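Asks: Following this message is one structure expressed as structure tokens.
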Amino acid sequence: MSVPVRPPTRWAQRKDVIYLQLDVADIKNENIQITEKNLTFKSSGGDQGKLYELDIEFFEDVTKEGSKFAVHGKSTELVIKKKTPAFWPRLTKSKIKYPWLTIDWSKWVDEDDVGAELDTSYMDDFGGGPGASDFNADDSDDDKDEDKDEDKTTTKNPSTEE
């Protein structure tokens with residue numbers, strides 16, 4: 001059995017949300033849980049089927065309501081709602097510089113440049129997987145975009161289990 005590794009992770013923020021991208025290709029059996037204080041990610045993936053685990057204690061509280069994630073062929077994207085809108089000086093509670101965590105400069109805006117929001121509506125068009133019904137009450141459009149399955153992208157809401 002292999003030892004789990006942390007996936008390379010990029011982050012950016014707006015006043016009300018956090019954007020995370022976990023750069024692991026072809027993940028399987030993903031388990032993503034969000035609590036007020038933490039994000040937990042477990043999966044296998046990549047060409048060698050490595051085990052990946054990540055546990056982030058956020059700088060401040062977040063909420064599961066309105067948070068979502070999408071699994072793509074080469075990465076997993078998460079949009080996590082902050083409980084109290086504010087810019088954070090860092091993602092984690094700890095001041096440690098983690099080698100697996102970097103800023104996603106393609107999504108980053110400074111607090112002074114607020115106004116440009118990222119379009120994450122593409123994440124809304126994909127059906128959720130097992131357990132996603134807890135967060136996504138309207139699953140009526142699951143079959144609407146069947147041709148989008150070709151890029152192997154799925155969107156789910158994080159598990160409420162602890």
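In the structure tokens, each chain is lettered A, B, ... as it comes, each chain's residues begin at 1, and ligands are numbered from 1 in order of appearance.
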Give me the residues near range 16-32 of chain A as a PyMOL selection string, where near means some atom within 8 Å (using only C-alpha atoms) and where sequence neighbours in that chain fewer than 3 positions away do not count.

Replies: chain A and resi 7-13+39-47+71-87+107+158-159

Asks: Mind the document's chain letters and residue numbers, and return as an MDAnalysis selection string the residues of range 36-115 of chain A that DSSP labels strand (DSSP E).

Replies: chainID A and resid 38:45 50:57 62:71 76:82 101:103

Asks: Take the residues from that selection and write them out as an mmCIF file, in the first residue's frame, keeping N, CA and C atoms.

Replies:
data_model
loop_
_atom_site.group_PDB
_atom_site.id
_atom_site.type_symbol
_atom_site.label_atom_id
_atom_site.label_comp_id
_atom_site.auth_asym_id
_atom_site.auth_seq_id
_atom_site.Cartn_x
_atom_site.Cartn_y
_atom_site.Cartn_z
ATOM 1 N N ASN A 38 -12.541 23.221 7.934
ATOM 2 C CA ASN A 38 -11.601 22.397 7.173
ATOM 3 C C ASN A 38 -12.137 21.948 5.817
ATOM 4 N N LEU A 39 -11.178 21.615 4.956
ATOM 5 C CA LEU A 39 -11.440 20.882 3.717
ATOM 6 C C LEU A 39 -10.645 19.587 3.814
ATOM 7 N N THR A 40 -11.303 18.468 3.537
ATOM 8 C CA THR A 40 -10.624 17.181 3.493
ATOM 9 C C THR A 40 -10.843 16.587 2.110
ATOM 10 N N PHE A 41 -9.754 16.168 1.473
ATOM 11 C CA PHE A 41 -9.806 15.577 0.139
ATOM 12 C C PHE A 41 -9.042 14.263 0.163
ATOM 13 N N LYS A 42 -9.664 13.209 -0.339
ATOM 14 C CA LYS A 42 -9.007 11.906 -0.463
ATOM 15 C C LYS A 42 -9.383 11.331 -1.813
ATOM 16 N N SER A 43 -8.399 10.776 -2.510
ATOM 17 C CA SER A 43 -8.653 10.199 -3.819
ATOM 18 C C SER A 43 -7.461 9.390 -4.275
ATOM 19 N N SER A 44 -7.663 8.632 -5.330
ATOM 20 C CA SER A 44 -6.545 8.023 -6.037
ATOM 21 C C SER A 44 -6.576 8.603 -7.443
ATOM 22 N N GLY A 45 -5.425 8.641 -8.086
ATOM 23 C CA GLY A 45 -5.405 9.218 -9.418
ATOM 24 C C GLY A 45 -4.029 9.227 -10.027
ATOM 25 N N LYS A 50 -1.757 6.813 -7.650
ATOM 26 C CA LYS A 50 -1.291 7.207 -6.314
ATOM 27 C C LYS A 50 -2.468 7.596 -5.432
ATOM 28 N N LEU A 51 -2.270 7.480 -4.132
ATOM 29 C CA LEU A 51 -3.246 7.952 -3.162
ATOM 30 C C LEU A 51 -2.937 9.401 -2.825
ATOM 31 N N TYR A 52 -3.976 10.240 -2.827
ATOM 32 C CA TYR A 52 -3.822 11.653 -2.508
ATOM 33 C C TYR A 52 -4.703 11.995 -1.320
ATOM 34 N N GLU A 53 -4.151 12.754 -0.390
ATOM 35 C CA GLU A 53 -4.907 13.237 0.758
ATOM 36 C C GLU A 53 -4.510 14.676 1.039
ATOM 37 N N LEU A 54 -5.502 15.448 1.440
ATOM 38 C CA LEU A 54 -5.265 16.848 1.757
ATOM 39 C C LEU A 54 -6.214 17.248 2.867
ATOM 40 N N ASP A 55 -5.697 17.952 3.860
ATOM 41 C CA ASP A 55 -6.517 18.474 4.944
ATOM 42 C C ASP A 55 -6.081 19.918 5.170
ATOM 43 N N ILE A 56 -6.968 20.843 4.880
ATOM 44 C CA ILE A 56 -6.662 22.269 5.031
ATOM 45 C C ILE A 56 -7.527 22.844 6.145
ATOM 46 N N GLU A 57 -6.884 23.463 7.129
ATOM 47 C CA GLU A 57 -7.617 24.220 8.139
ATOM 48 C C GLU A 57 -7.629 25.665 7.661
ATOM 49 N N VAL A 62 -15.775 28.808 6.801
ATOM 50 C CA VAL A 62 -16.422 28.747 5.494
ATOM 51 C C VAL A 62 -17.777 28.077 5.684
ATOM 52 N N THR A 63 -18.563 28.033 4.625
ATOM 53 C CA THR A 63 -19.867 27.380 4.697
ATOM 54 C C THR A 63 -20.027 26.391 3.550
ATOM 55 N N LYS A 64 -20.693 25.290 3.816
ATOM 56 C CA LYS A 64 -20.961 24.287 2.786
ATOM 57 C C LYS A 64 -22.017 24.779 1.818
ATOM 58 N N GLU A 65 -22.933 25.602 2.303
ATOM 59 C CA GLU A 65 -24.008 26.126 1.469
ATOM 60 C C GLU A 65 -23.419 26.987 0.362
ATOM 61 N N GLY A 66 -23.694 26.638 -0.883
ATOM 62 C CA GLY A 66 -23.187 27.402 -2.012
ATOM 63 C C GLY A 66 -21.806 26.977 -2.470
ATOM 64 N N SER A 67 -21.138 26.103 -1.733
ATOM 65 C CA SER A 67 -19.836 25.594 -2.150
ATOM 66 C C SER A 67 -20.052 24.463 -3.142
ATOM 67 N N LYS A 68 -19.115 24.314 -4.092
ATOM 68 C CA LYS A 68 -19.249 23.269 -5.099
ATOM 69 C C LYS A 68 -17.881 22.876 -5.625
ATOM 70 N N PHE A 69 -17.841 21.741 -6.324
ATOM 71 C CA PHE A 69 -16.603 21.341 -6.962
ATOM 72 C C PHE A 69 -16.886 20.629 -8.272
ATOM 73 N N ALA A 70 -15.885 20.649 -9.153
ATOM 74 C CA ALA A 70 -15.982 19.997 -10.458
ATOM 75 C C ALA A 70 -14.721 19.183 -10.678
ATOM 76 N N VAL A 71 -14.900 17.935 -11.081
ATOM 77 C CA VAL A 71 -13.777 17.053 -11.376
ATOM 78 C C VAL A 71 -13.566 17.051 -12.882
ATOM 79 N N THR A 76 -9.148 19.092 -10.206
ATOM 80 C CA THR A 76 -10.414 19.256 -9.510
ATOM 81 C C THR A 76 -10.486 20.695 -9.043
ATOM 82 N N GLU A 77 -11.569 21.376 -9.397
ATOM 83 C CA GLU A 77 -11.754 22.770 -9.003
ATOM 84 C C GLU A 77 -12.806 22.850 -7.906
ATOM 85 N N LEU A 78 -12.556 23.702 -6.926
ATOM 86 C CA LEU A 78 -13.505 23.924 -5.846
ATOM 87 C C LEU A 78 -13.770 25.416 -5.708
ATOM 88 N N VAL A 79 -15.012 25.757 -5.452
ATOM 89 C CA VAL A 79 -15.405 27.115 -5.106
ATOM 90 C C VAL A 79 -16.053 26.995 -3.735
ATOM 91 N N ILE A 80 -15.432 27.606 -2.744
ATOM 92 C CA ILE A 80 -15.873 27.464 -1.357
ATOM 93 C C ILE A 80 -16.298 28.833 -0.836
ATOM 94 N N LYS A 81 -17.526 28.895 -0.324
ATOM 95 C CA LYS A 81 -18.068 30.156 0.187
ATOM 96 C C LYS A 81 -17.504 30.467 1.565
ATOM 97 N N LYS A 82 -17.076 31.709 1.743
ATOM 98 C CA LYS A 82 -16.635 32.168 3.057
ATOM 99 C C LYS A 82 -17.862 32.489 3.906
ATOM 100 N N LEU A 101 1.279 24.144 -1.809
ATOM 101 C CA LEU A 101 0.258 25.182 -1.927
ATOM 102 C C LEU A 101 0.843 26.444 -2.546
ATOM 103 N N THR A 102 0.259 26.883 -3.672
ATOM 104 C CA THR A 102 0.715 28.101 -4.343
ATOM 105 C C THR A 102 -0.487 28.973 -4.704
ATOM 106 N N ILE A 103 -0.200 30.203 -5.054
ATOM 107 C CA ILE A 103 -1.246 31.129 -5.488
ATOM 108 C C ILE A 103 -1.572 30.847 -6.949
#

Asks: Could you work out how far CA of Glu36 in chain A lies from CA of Lys93 in chain A, giving the answer in Å with one decimal?

Replies: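 Atom-to-atom, CA of Lys93 in chain A and CA of Glu36 in chain A are spaced 12.6 Å apart.
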
Asks: Just the number, please: distance in Å from CA of Gly49 in chain A to CA of Lys37 in chain A, one decimal.

Replies: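 Spanning CA of Gly49 in chain A to CA of Lys37 in chain A is a straight-line distance of 28.9 Å.
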
Asks: May I ask for the distance between CA of Ile34 in chain A and CA of Asp112 in chain A, given in Å to one decimal place?

Replies: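 Between CA of Ile34 in chain A and CA of Asp112 in chain A the gap is 28.7 Å.
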
Asks: Between A:Ser2, A:Leu91, A:Pro99, A:Asp110, which residue has the minimum interatomic distance to Gln48 in chain A, considering only C-alpha atoms?

Replies: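 When distances to Gln48 in chain A are compared using only C-alpha atoms, the smallest one comes from A:Ser2.
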